[in-house]
file query37.txt (compact mmCIF, C-alpha atoms and all ligand atoms)
# COMPACT_ATOMS: atom_id res chain seq x y z
CA MET O 1 -17.44 13.39 -9.14
CA ARG O 2 -13.70 13.84 -9.30
CA ASN O 3 -11.18 11.01 -9.61
CA LEU O 4 -8.80 10.82 -6.70
CA LEU O 5 -5.62 9.17 -5.53
CA PHE O 6 -6.10 7.12 -2.35
CA VAL O 7 -3.07 5.92 -0.42
CA ILE O 8 -3.49 2.91 1.86
CA SER O 9 -0.67 2.37 4.36
CA GLY O 10 -0.12 0.59 7.65
CA PRO O 11 2.22 -1.90 9.30
CA SER O 12 3.06 -5.14 7.54
CA GLY O 13 0.41 -7.81 8.11
CA VAL O 14 -2.35 -5.36 9.09
CA GLY O 15 -4.49 -6.28 6.09
CA LYS O 16 -3.75 -3.49 3.59
CA GLY O 17 -3.48 -5.88 0.66
CA THR O 18 -6.63 -7.77 1.60
CA ILE O 19 -8.67 -4.57 1.98
CA SER O 20 -7.32 -2.91 -1.20
CA LYS O 21 -8.03 -5.98 -3.33
CA LEU O 22 -11.60 -6.26 -2.05
CA ILE O 23 -12.23 -2.58 -2.75
CA VAL O 24 -11.14 -2.79 -6.37
CA GLU O 25 -13.07 -6.03 -6.86
CA ARG O 26 -16.25 -4.43 -5.58
CA ASN O 27 -15.94 -0.95 -7.08
CA GLU O 28 -15.81 -0.74 -10.85
CA ASN O 29 -14.06 2.56 -11.38
CA THR O 30 -11.25 1.90 -8.96
CA PHE O 31 -7.79 0.84 -10.06
CA LEU O 32 -5.13 -0.67 -7.81
CA SER O 33 -1.69 0.47 -8.89
CA VAL O 34 0.86 -2.30 -9.43
CA SER O 35 4.23 -1.33 -7.99
CA TYR O 36 7.71 -2.31 -9.03
CA THR O 37 9.76 -4.22 -6.48
CA THR O 38 13.16 -5.83 -6.25
CA ARG O 39 11.92 -8.38 -3.70
CA LEU O 40 11.34 -11.96 -4.79
CA PRO O 41 7.78 -13.13 -5.47
CA ARG O 42 5.99 -14.97 -2.66
CA LYS O 43 4.32 -18.26 -3.40
CA GLY O 44 1.27 -17.54 -5.57
CA GLU O 45 2.23 -13.97 -6.50
CA ILE O 46 2.02 -13.17 -10.19
CA ASP O 47 4.36 -10.83 -12.07
CA GLY O 48 2.40 -7.87 -13.44
CA LYS O 49 -0.54 -8.52 -11.11
CA ASP O 50 0.80 -8.36 -7.57
CA TYR O 51 3.98 -6.50 -8.48
CA PHE O 52 6.31 -6.05 -11.40
CA PHE O 53 9.22 -8.09 -10.06
CA VAL O 54 12.44 -6.53 -11.37
CA ASN O 55 16.13 -6.64 -10.59
CA ARG O 56 18.00 -3.74 -9.02
CA GLU O 57 19.44 -2.66 -12.36
CA LYS O 58 16.00 -2.29 -13.93
CA PHE O 59 14.66 -0.51 -10.83
CA ASP O 60 17.55 1.98 -10.88
CA SER O 61 16.99 2.66 -14.58
CA VAL O 62 13.33 3.60 -13.91
CA VAL O 63 14.52 5.89 -11.08
CA LYS O 64 16.95 7.53 -13.50
CA GLU O 65 14.23 8.09 -16.10
CA ASN O 66 12.11 9.75 -13.38
CA GLY O 67 9.53 7.03 -13.98
CA PHE O 68 8.32 6.69 -10.37
CA LEU O 69 5.70 8.84 -8.68
CA GLU O 70 7.51 7.87 -5.47
CA TYR O 71 9.83 5.10 -4.41
CA SER O 72 11.32 3.88 -1.19
CA GLU O 73 13.66 1.23 0.15
CA HIS O 74 12.57 -0.93 3.08
CA PHE O 75 13.03 -4.46 4.35
CA GLY O 76 16.18 -4.50 2.19
CA ASN O 77 14.19 -4.12 -1.04
CA CYS O 78 13.12 -1.26 -3.31
CA TYR O 79 9.48 -0.48 -4.04
CA GLY O 80 8.19 2.14 -6.49
CA THR O 81 4.90 3.43 -7.94
CA PRO O 82 4.95 3.74 -11.74
CA LYS O 83 4.16 7.36 -12.58
CA LYS O 84 2.76 7.18 -16.10
CA GLU O 85 0.36 4.34 -15.42
CA VAL O 86 -1.10 6.03 -12.34
CA LEU O 87 -1.51 9.43 -14.01
CA ASP O 88 -3.10 7.80 -17.08
CA LYS O 89 -5.55 5.81 -14.94
CA LEU O 90 -6.55 8.90 -12.99
CA GLY O 91 -8.04 10.19 -16.24
CA ASN O 92 -10.96 7.77 -15.88
CA SER O 93 -10.86 6.13 -12.47
CA ASP O 94 -9.84 6.47 -8.85
CA VAL O 95 -6.46 5.00 -8.09
CA ILE O 96 -5.42 3.17 -4.92
CA LEU O 97 -1.76 3.01 -3.94
CA GLU O 98 -0.95 0.41 -1.31
CA ILE O 99 2.40 1.78 -0.20
CA ASP O 100 4.44 2.48 2.94
CA VAL O 101 4.25 5.69 4.98
CA ASN O 102 7.32 7.28 3.39
CA GLY O 103 5.75 6.76 -0.02
CA GLY O 104 2.39 8.07 1.17
CA LEU O 105 3.82 11.26 2.59
CA SER O 106 5.94 11.82 -0.48
CA VAL O 107 2.87 11.45 -2.75
CA LYS O 108 0.96 13.99 -0.64
CA LYS O 109 3.73 16.57 -1.13
CA ASN O 110 3.17 16.61 -4.90
CA HIS O 111 -0.53 15.70 -4.99
CA LYS O 112 -2.21 17.79 -2.33
CA ASP O 113 -5.62 16.26 -2.88
CA ALA O 114 -4.36 12.67 -2.42
CA VAL O 115 -6.22 11.06 0.48
CA LEU O 116 -4.05 9.21 3.00
CA ILE O 117 -5.67 6.29 4.83
CA MET O 118 -3.80 4.31 7.47
CA ILE O 119 -4.99 0.84 8.45
CA LEU O 120 -4.40 0.03 12.11
CA PRO O 121 -4.43 -3.35 13.87
CA PRO O 122 -6.85 -3.94 16.78
CA SER O 123 -3.69 -4.71 18.83
CA ILE O 124 -0.01 -5.44 18.30
CA GLU O 125 -0.63 -9.04 19.36
CA VAL O 126 -3.25 -9.51 16.62
CA LEU O 127 -0.86 -7.97 14.11
CA ARG O 128 1.85 -10.46 15.09
CA GLN O 129 -0.62 -13.33 14.71
CA ARG O 130 -1.70 -12.16 11.24
CA LEU O 131 1.86 -11.86 10.06
CA GLU O 132 2.61 -15.35 11.37
CA GLY O 133 -0.65 -16.72 9.97
CA ARG O 134 0.17 -15.41 6.50
CA ASN O 135 3.23 -17.62 6.65
CA SER O 136 4.93 -15.85 3.75
CA GLU O 137 8.13 -14.70 5.43
CA THR O 138 10.98 -16.41 7.21
CA GLU O 139 11.35 -15.83 10.96
CA GLU O 140 14.13 -13.32 10.17
CA GLN O 141 11.99 -11.40 7.67
CA ARG O 142 9.06 -11.37 10.09
CA LYS O 143 11.28 -9.84 12.77
CA THR O 144 12.40 -7.09 10.37
CA ARG O 145 8.79 -6.33 9.53
CA LEU O 146 7.75 -6.29 13.18
CA SER O 147 10.61 -3.93 14.01
CA ARG O 148 9.14 -1.37 11.61
CA ILE O 149 5.70 -1.23 13.22
CA ASP O 150 6.55 1.69 15.49
CA TYR O 151 7.93 3.71 12.61
CA GLU O 152 4.82 3.19 10.46
CA LEU O 153 2.53 4.04 13.38
CA SER O 154 4.58 7.13 14.30
CA LYS O 155 3.33 8.79 11.10
CA LYS O 156 -0.34 8.27 11.81
CA ASP O 157 -1.05 11.89 12.73
CA GLU O 158 0.02 12.92 9.23
CA TYR O 159 -2.61 10.65 7.69
CA ASP O 160 -6.11 11.92 6.85
CA TYR O 161 -7.99 8.83 8.09
CA LEU O 162 -7.25 5.99 10.50
CA VAL O 163 -9.21 2.75 10.06
CA VAL O 164 -8.95 -0.17 12.48
CA ASN O 165 -9.02 -3.51 10.70
CA ASP O 166 -10.70 -5.72 13.30
CA ASP O 167 -13.67 -7.14 11.42
CA LEU O 168 -12.64 -7.22 7.74
CA GLU O 169 -16.06 -6.36 6.27
CA THR O 170 -16.43 -3.37 8.60
CA ALA O 171 -12.97 -2.10 7.64
CA VAL O 172 -13.69 -2.44 3.90
CA LYS O 173 -17.01 -0.62 4.30
CA THR O 174 -15.33 2.17 6.28
CA VAL O 175 -12.72 2.68 3.55
CA GLU O 176 -15.47 2.64 0.87
CA ASP O 177 -17.37 5.30 2.84
CA ILE O 178 -14.22 7.46 3.00
CA ILE O 179 -13.73 7.10 -0.76
CA ASN O 180 -17.33 8.12 -1.49
CA LYS O 181 -17.24 11.02 0.93
CA GLU O 182 -14.01 12.39 -0.56
CA LYS O 183 -15.25 11.99 -4.13
CA ASN O 184 -18.41 13.89 -3.35
CA LYS O 185 -16.66 16.79 -1.63
P1 LIG O 201 -0.60 -6.43 4.51
O1 LIG O 201 -0.93 -6.27 3.05
O2 LIG O 201 -0.98 -5.25 5.33
O3 LIG O 201 0.82 -6.84 4.77
P2 LIG O 201 -2.35 -8.77 4.32
O4 LIG O 201 -3.50 -8.20 3.57
O5 LIG O 201 -1.41 -9.68 3.60
O6 LIG O 201 -1.50 -7.62 5.07
O7 LIG O 201 -2.97 -9.53 5.59
C1 LIG O 201 -2.15 -10.27 6.49
C2 LIG O 201 -2.90 -11.53 6.93
O8 LIG O 201 -4.01 -11.16 7.79
C3 LIG O 201 -3.48 -12.32 5.77
O9 LIG O 201 -3.34 -13.70 6.04
C4 LIG O 201 -4.97 -11.90 5.76
O10 LIG O 201 -5.80 -12.93 5.25
C5 LIG O 201 -5.24 -11.67 7.24
N1 LIG O 201 -6.27 -10.65 7.52
C6 LIG O 201 -6.46 -9.45 6.92
N2 LIG O 201 -7.49 -8.78 7.48
C7 LIG O 201 -7.97 -9.56 8.48
C8 LIG O 201 -9.04 -9.42 9.44
N3 LIG O 201 -9.81 -8.32 9.51
N4 LIG O 201 -9.23 -10.42 10.32
C9 LIG O 201 -8.45 -11.53 10.29
N5 LIG O 201 -7.44 -11.74 9.40
C10 LIG O 201 -7.18 -10.76 8.51
P1 LIG O 202 5.36 -6.46 0.82
O1 LIG O 202 6.81 -6.87 0.63
O2 LIG O 202 4.77 -7.04 2.08
O3 LIG O 202 4.52 -6.71 -0.39
O4 LIG O 202 5.36 -4.88 1.02
C1 LIG O 202 6.19 -4.30 1.98
C2 LIG O 202 5.83 -2.84 2.13
O5 LIG O 202 6.10 -2.14 0.91
C3 LIG O 202 4.35 -2.57 2.46
O6 LIG O 202 4.30 -1.58 3.46
C4 LIG O 202 3.82 -2.03 1.14
O7 LIG O 202 2.73 -1.17 1.35
C5 LIG O 202 5.03 -1.27 0.65
N1 LIG O 202 4.98 -0.98 -0.79
C6 LIG O 202 4.50 -1.74 -1.79
N2 LIG O 202 4.63 -1.10 -2.97
C7 LIG O 202 5.19 0.10 -2.70
C8 LIG O 202 5.55 1.23 -3.51
O8 LIG O 202 5.38 1.28 -4.72
N3 LIG O 202 6.11 2.29 -2.86
C9 LIG O 202 6.34 2.30 -1.52
N4 LIG O 202 6.86 3.40 -0.98
N5 LIG O 202 6.00 1.26 -0.73
C10 LIG O 202 5.44 0.17 -1.31
call {"tool": "encode", "arguments": {"input": "query37.txt", "output": "structure tokens", "more": "lines below"}}
Ligand code: ADP
Ligand code: 5GP
result
Amino acid sequence: MRNLLFVISGPSGVGKGTISKLIVERNENTFLSVSYTTRLPRKGEIDGKDYFFVNREKFDSVVKENGFLEYSEHFGNCYGTPKKEVLDKLGNSDVILEIDVNGGLSVKKNHKDAVLIMILPPSIEVLRQRLEGRNSETEEQRKTRLSRIDYELSKKDEYDYLVVNDDLETAVKTVEDIINKEKNK
């Protein structure tokens, strides 16, 4: 079976992080890439585990060294996927990138066999509730994230798979089935 790059995208609050973490917990040979970001850590987030939290100067220096597989700026912050780590890990495991749609489409340009999976909410109302329930952003930040929903969803036809995250277990199982199917192709 070949090792593959799986991109998981979708609007903020849809459950991408929750699904990706469960998949790597439950599937041994699957690695979740840790991105660099210039945003501040949320309560409970750990540097090097959830993200590498860096300042803008450090981020720009990695850009200059061509150290990102892709990077993108959104919600007023920069986010990037470390190239070397991902390519090294692909040598012995599947790699999941939990990144935005711009990042996903940019990865696909250079890695044609990357599999793009978009997580969709059962409804916009549910998405709003999840974002509020997570309680990790200010009202202002939540508004910015909600204003980007349409943009993220507008790219869904360019994704290989769409998975609705209504019941969490069903969504995780659906993504696992996609991974297995693609690996066995
Ligand atoms: P994202 O990474 O897409 O921004 P998160 O994984 O942080 O989203 O999920 C946002 C919130 O929704 C979290 O509080 C999470 O526990 C919750 N959540 C995720 N999936 C479900 C689900 N299927 N049903 C109910 N709540 C969910
Ligand atoms: P958050 O601030 O909620 O952790 O993430 C905000 C958005 O940035 C999410 O859509 C997430 O998928 C995306 N993101 C996280 N890491 C990266 C990355 O390395 N590259 C890109 N392009 N997007 C990322």
call {"tool": "residues_around", "arguments": {"input": "query37.txt", "residues": "stretch 6-20 of chain O", "least_positions_apart": "5", "cutoff": "8 Å", "atoms": "only C-alpha atoms", "output": "ChimeraX atom specification"}}
result
/O:32,94-101,104,114-121,127-128,130-131,134,145-146,148-149,152-153,165,168,171-172,179
call {"tool": "residues_around", "arguments": {"input": "query37.txt", "residues": "O:Ser72", "least_positions_apart": "4", "cutoff": "9 Å", "atoms": "all atoms listed in the file", "output": "ChimeraX atom specification"}}
result
/O:77-80,100,102-103
call {"tool": "residues_near_point", "arguments": {"input": "query37.txt", "point": "(3.9, -16.8, 2.3)", "cutoff": "10 Å", "atoms": "only C-alpha atoms", "output": "JSON list (two decimals) with C-alpha atoms, keeping the file's coordinate frame"}}
result
[["chain", "number", "residue", "atom", "x", "y", "z"],
["O", 41, "PRO", "CA", 7.78, -13.13, -5.47],
["O", 42, "ARG", "CA", 5.99, -14.97, -2.66],
["O", 43, "LYS", "CA", 4.32, -18.26, -3.40],
["O", 44, "GLY", "CA", 1.27, -17.54, -5.57],
["O", 45, "GLU", "CA", 2.23, -13.97, -6.50],
["O", 131, "LEU", "CA", 1.86, -11.86, 10.06],
["O", 132, "GLU", "CA", 2.61, -15.35, 11.37],
["O", 133, "GLY", "CA", -0.65, -16.72, 9.97],
["O", 134, "ARG", "CA", 0.17, -15.41, 6.50],
["O", 135, "ASN", "CA", 3.23, -17.62, 6.65],
["O", 136, "SER", "CA", 4.93, -15.85, 3.75],
["O", 137, "GLU", "CA", 8.13, -14.70, 5.43],
["O", 138, "THR", "CA", 10.98, -16.41, 7.21]]
call {"tool": "atom_distance", "arguments": {"input": "query37.txt", "atom1": "atom CA of O:Lys84", "atom2": "atom O4 of ligand LIG 202 (chain O)"}}
result
21.1 Å
call {"tool": "closest_residue", "arguments": {"input": "query37.txt", "among": "O:Leu4, O:Val164, O:Val54, O:Val107", "to": "ligand LIG 201 (chain O)", "atoms": "all atoms listed in the file"}}
result
O:Val164
call {"tool": "axis_aligned_box", "arguments": {"input": "query37.txt", "around": "ligand LIG 202 (chain O)", "padding_each_side": "5 Å", "output": "JSON"}}
result
{"center_x": 4.8, "center_y": -1.8, "center_z": -0.6, "size_x": 14.1, "size_y": 20.4, "size_z": 18.2}
call {"tool": "atom_distance", "arguments": {"input": "query37.txt", "atom1": "atom P1 of ligand LIG 201 (chain O)", "atom2": "atom CA of O:Leu105"}}
result
18.3 Å
call {"tool": "residues_around", "arguments": {"input": "query37.txt", "residues": "O:Val63", "least_positions_apart": "6", "cutoff": "10 Å", "atoms": "only C-alpha atoms", "output": "PDB file with C-alpha atoms, in the coordinates of the input"}}
result
ATOM      1  CA  GLU O  57      19.440  -2.660 -12.360  1.00  0.00           C
ATOM      2  CA  LEU O  69       5.700   8.840  -8.680  1.00  0.00           C
ATOM      3  CA  GLU O  70       7.510   7.870  -5.470  1.00  0.00           C
ATOM      4  CA  TYR O  71       9.830   5.100  -4.410  1.00  0.00           C
ATOM      5  CA  GLY O  80       8.190   2.140  -6.490  1.00  0.00           C
ATOM      6  CA  PRO O  82       4.950   3.740 -11.740  1.00  0.00           C
TER       7      PRO O  82
END
call {"tool": "build_atoms", "arguments": {"input": "query37.txt", "residues": "stretch 49-84 of chain O", "atoms": "N, CA and C atoms", "output": "PDB file, keeping the file's coordinate frame"}}
result
ATOM      1  N   LYS O  49       0.753  -8.606 -11.799  1.00  0.00           N
ATOM      2  CA  LYS O  49      -0.540  -8.520 -11.110  1.00  0.00           C
ATOM      3  C   LYS O  49      -0.314  -8.038  -9.675  1.00  0.00           C
ATOM      4  N   ASP O  50       0.525  -8.762  -8.951  1.00  0.00           N
ATOM      5  CA  ASP O  50       0.800  -8.360  -7.570  1.00  0.00           C
ATOM      6  C   ASP O  50       1.875  -7.271  -7.542  1.00  0.00           C
ATOM      7  N   TYR O  51       2.883  -7.455  -8.312  1.00  0.00           N
ATOM      8  CA  TYR O  51       3.980  -6.500  -8.480  1.00  0.00           C
ATOM      9  C   TYR O  51       4.570  -6.736  -9.849  1.00  0.00           C
ATOM     10  N   PHE O  52       5.370  -5.769 -10.321  1.00  0.00           N
ATOM     11  CA  PHE O  52       6.310  -6.050 -11.400  1.00  0.00           C
ATOM     12  C   PHE O  52       7.619  -6.386 -10.687  1.00  0.00           C
ATOM     13  N   PHE O  53       8.003  -7.651 -10.753  1.00  0.00           N
ATOM     14  CA  PHE O  53       9.220  -8.090 -10.060  1.00  0.00           C
ATOM     15  C   PHE O  53      10.416  -7.823 -10.973  1.00  0.00           C
ATOM     16  N   VAL O  54      11.306  -6.935 -10.522  1.00  0.00           N
ATOM     17  CA  VAL O  54      12.440  -6.530 -11.370  1.00  0.00           C
ATOM     18  C   VAL O  54      13.743  -6.630 -10.573  1.00  0.00           C
ATOM     19  N   ASN O  55      14.854  -6.661 -11.308  1.00  0.00           N
ATOM     20  CA  ASN O  55      16.130  -6.640 -10.590  1.00  0.00           C
ATOM     21  C   ASN O  55      16.526  -5.197 -10.285  1.00  0.00           C
ATOM     22  N   ARG O  56      17.577  -5.061  -9.491  1.00  0.00           N
ATOM     23  CA  ARG O  56      18.000  -3.740  -9.020  1.00  0.00           C
ATOM     24  C   ARG O  56      18.399  -2.825 -10.195  1.00  0.00           C
ATOM     25  N   GLU O  57      18.995  -3.450 -11.202  1.00  0.00           N
ATOM     26  CA  GLU O  57      19.440  -2.660 -12.360  1.00  0.00           C
ATOM     27  C   GLU O  57      18.245  -2.007 -13.063  1.00  0.00           C
ATOM     28  N   LYS O  58      17.209  -2.808 -13.270  1.00  0.00           N
ATOM     29  CA  LYS O  58      16.000  -2.290 -13.930  1.00  0.00           C
ATOM     30  C   LYS O  58      15.355  -1.204 -13.057  1.00  0.00           C
ATOM     31  N   PHE O  59      15.270  -1.483 -11.741  1.00  0.00           N
ATOM     32  CA  PHE O  59      14.660  -0.510 -10.830  1.00  0.00           C
ATOM     33  C   PHE O  59      15.404   0.821 -10.921  1.00  0.00           C
ATOM     34  N   ASP O  60      16.739   0.747 -10.851  1.00  0.00           N
ATOM     35  CA  ASP O  60      17.550   1.980 -10.880  1.00  0.00           C
ATOM     36  C   ASP O  60      17.370   2.725 -12.204  1.00  0.00           C
ATOM     37  N   SER O  61      17.152   1.975 -13.296  1.00  0.00           N
ATOM     38  CA  SER O  61      16.990   2.660 -14.580  1.00  0.00           C
ATOM     39  C   SER O  61      15.654   3.426 -14.607  1.00  0.00           C
ATOM     40  N   VAL O  62      14.619   2.866 -13.966  1.00  0.00           N
ATOM     41  CA  VAL O  62      13.330   3.600 -13.910  1.00  0.00           C
ATOM     42  C   VAL O  62      13.492   4.847 -13.016  1.00  0.00           C
ATOM     43  N   VAL O  63      14.254   4.721 -11.935  1.00  0.00           N
ATOM     44  CA  VAL O  63      14.520   5.890 -11.080  1.00  0.00           C
ATOM     45  C   VAL O  63      15.183   6.983 -11.912  1.00  0.00           C
ATOM     46  N   LYS O  64      16.177   6.580 -12.690  1.00  0.00           N
ATOM     47  CA  LYS O  64      16.950   7.530 -13.500  1.00  0.00           C
ATOM     48  C   LYS O  64      16.072   8.262 -14.515  1.00  0.00           C
ATOM     49  N   GLU O  65      15.127   7.496 -15.083  1.00  0.00           N
ATOM     50  CA  GLU O  65      14.230   8.090 -16.100  1.00  0.00           C
ATOM     51  C   GLU O  65      13.135   8.930 -15.452  1.00  0.00           C
ATOM     52  N   ASN O  66      13.150   9.034 -14.106  1.00  0.00           N
ATOM     53  CA  ASN O  66      12.110   9.750 -13.380  1.00  0.00           C
ATOM     54  C   ASN O  66      10.738   9.105 -13.589  1.00  0.00           C
ATOM     55  N   GLY O  67      10.753   7.763 -13.661  1.00  0.00           N
ATOM     56  CA  GLY O  67       9.530   7.030 -13.980  1.00  0.00           C
ATOM     57  C   GLY O  67       8.676   6.665 -12.769  1.00  0.00           C
ATOM     58  N   PHE O  68       9.117   7.005 -11.559  1.00  0.00           N
ATOM     59  CA  PHE O  68       8.320   6.690 -10.370  1.00  0.00           C
ATOM     60  C   PHE O  68       7.655   7.936  -9.794  1.00  0.00           C
ATOM     61  N   LEU O  69       6.412   7.770  -9.382  1.00  0.00           N
ATOM     62  CA  LEU O  69       5.700   8.840  -8.680  1.00  0.00           C
ATOM     63  C   LEU O  69       6.354   9.025  -7.311  1.00  0.00           C
ATOM     64  N   GLU O  70       6.745   7.909  -6.726  1.00  0.00           N
ATOM     65  CA  GLU O  70       7.510   7.870  -5.470  1.00  0.00           C
ATOM     66  C   GLU O  70       8.169   6.512  -5.425  1.00  0.00           C
ATOM     67  N   TYR O  71       9.245   6.410  -4.657  1.00  0.00           N
ATOM     68  CA  TYR O  71       9.830   5.100  -4.410  1.00  0.00           C
ATOM     69  C   TYR O  71      10.517   5.124  -3.061  1.00  0.00           C
ATOM     70  N   SER O  72      10.738   3.931  -2.513  1.00  0.00           N
ATOM     71  CA  SER O  72      11.320   3.880  -1.190  1.00  0.00           C
ATOM     72  C   SER O  72      11.977   2.520  -0.993  1.00  0.00           C
ATOM     73  N   GLU O  73      12.952   2.486  -0.098  1.00  0.00           N
ATOM     74  CA  GLU O  73      13.660   1.230   0.150  1.00  0.00           C
ATOM     75  C   GLU O  73      13.335   0.796   1.568  1.00  0.00           C
ATOM     76  N   HIS O  74      12.810  -0.399   1.750  1.00  0.00           N
ATOM     77  CA  HIS O  74      12.570  -0.930   3.080  1.00  0.00           C
ATOM     78  C   HIS O  74      12.613  -2.441   3.054  1.00  0.00           C
ATOM     79  N   PHE O  75      12.860  -3.015   4.223  1.00  0.00           N
ATOM     80  CA  PHE O  75      13.030  -4.460   4.350  1.00  0.00           C
ATOM     81  C   PHE O  75      14.107  -4.964   3.376  1.00  0.00           C
ATOM     82  N   GLY O  76      15.080  -4.091   3.073  1.00  0.00           N
ATOM     83  CA  GLY O  76      16.180  -4.500   2.190  1.00  0.00           C
ATOM     84  C   GLY O  76      15.805  -4.572   0.721  1.00  0.00           C
ATOM     85  N   ASN O  77      14.616  -4.098   0.367  1.00  0.00           N
ATOM     86  CA  ASN O  77      14.190  -4.120  -1.040  1.00  0.00           C
ATOM     87  C   ASN O  77      13.676  -2.748  -1.458  1.00  0.00           C
ATOM     88  N   CYS O  78      13.644  -2.525  -2.785  1.00  0.00           N
ATOM     89  CA  CYS O  78      13.120  -1.260  -3.310  1.00  0.00           C
ATOM     90  C   CYS O  78      11.701  -1.470  -3.805  1.00  0.00           C
ATOM     91  N   TYR O  79      10.875  -0.453  -3.588  1.00  0.00           N
ATOM     92  CA  TYR O  79       9.480  -0.480  -4.040  1.00  0.00           C
ATOM     93  C   TYR O  79       9.179   0.867  -4.699  1.00  0.00           C
ATOM     94  N   GLY O  80       8.491   0.875  -5.830  1.00  0.00           N
ATOM     95  CA  GLY O  80       8.190   2.140  -6.490  1.00  0.00           C
ATOM     96  C   GLY O  80       6.853   2.109  -7.217  1.00  0.00           C
ATOM     97  N   THR O  81       6.202   3.284  -7.254  1.00  0.00           N
ATOM     98  CA  THR O  81       4.900   3.430  -7.940  1.00  0.00           C
ATOM     99  C   THR O  81       5.135   3.984  -9.341  1.00  0.00           C
ATOM    100  N   PRO O  82       4.725   3.242 -10.381  1.00  0.00           N
ATOM    101  CA  PRO O  82       4.950   3.740 -11.740  1.00  0.00           C
ATOM    102  C   PRO O  82       4.115   4.997 -12.035  1.00  0.00           C
ATOM    103  N   LYS O  83       4.813   6.055 -12.429  1.00  0.00           N
ATOM    104  CA  LYS O  83       4.160   7.360 -12.580  1.00  0.00           C
ATOM    105  C   LYS O  83       3.149   7.403 -13.737  1.00  0.00           C
ATOM    106  N   LYS O  84       3.598   6.988 -14.910  1.00  0.00           N
ATOM    107  CA  LYS O  84       2.760   7.180 -16.100  1.00  0.00           C
ATOM    108  C   LYS O  84       1.445   6.415 -15.965  1.00  0.00           C
TER     109      LYS O  84
END
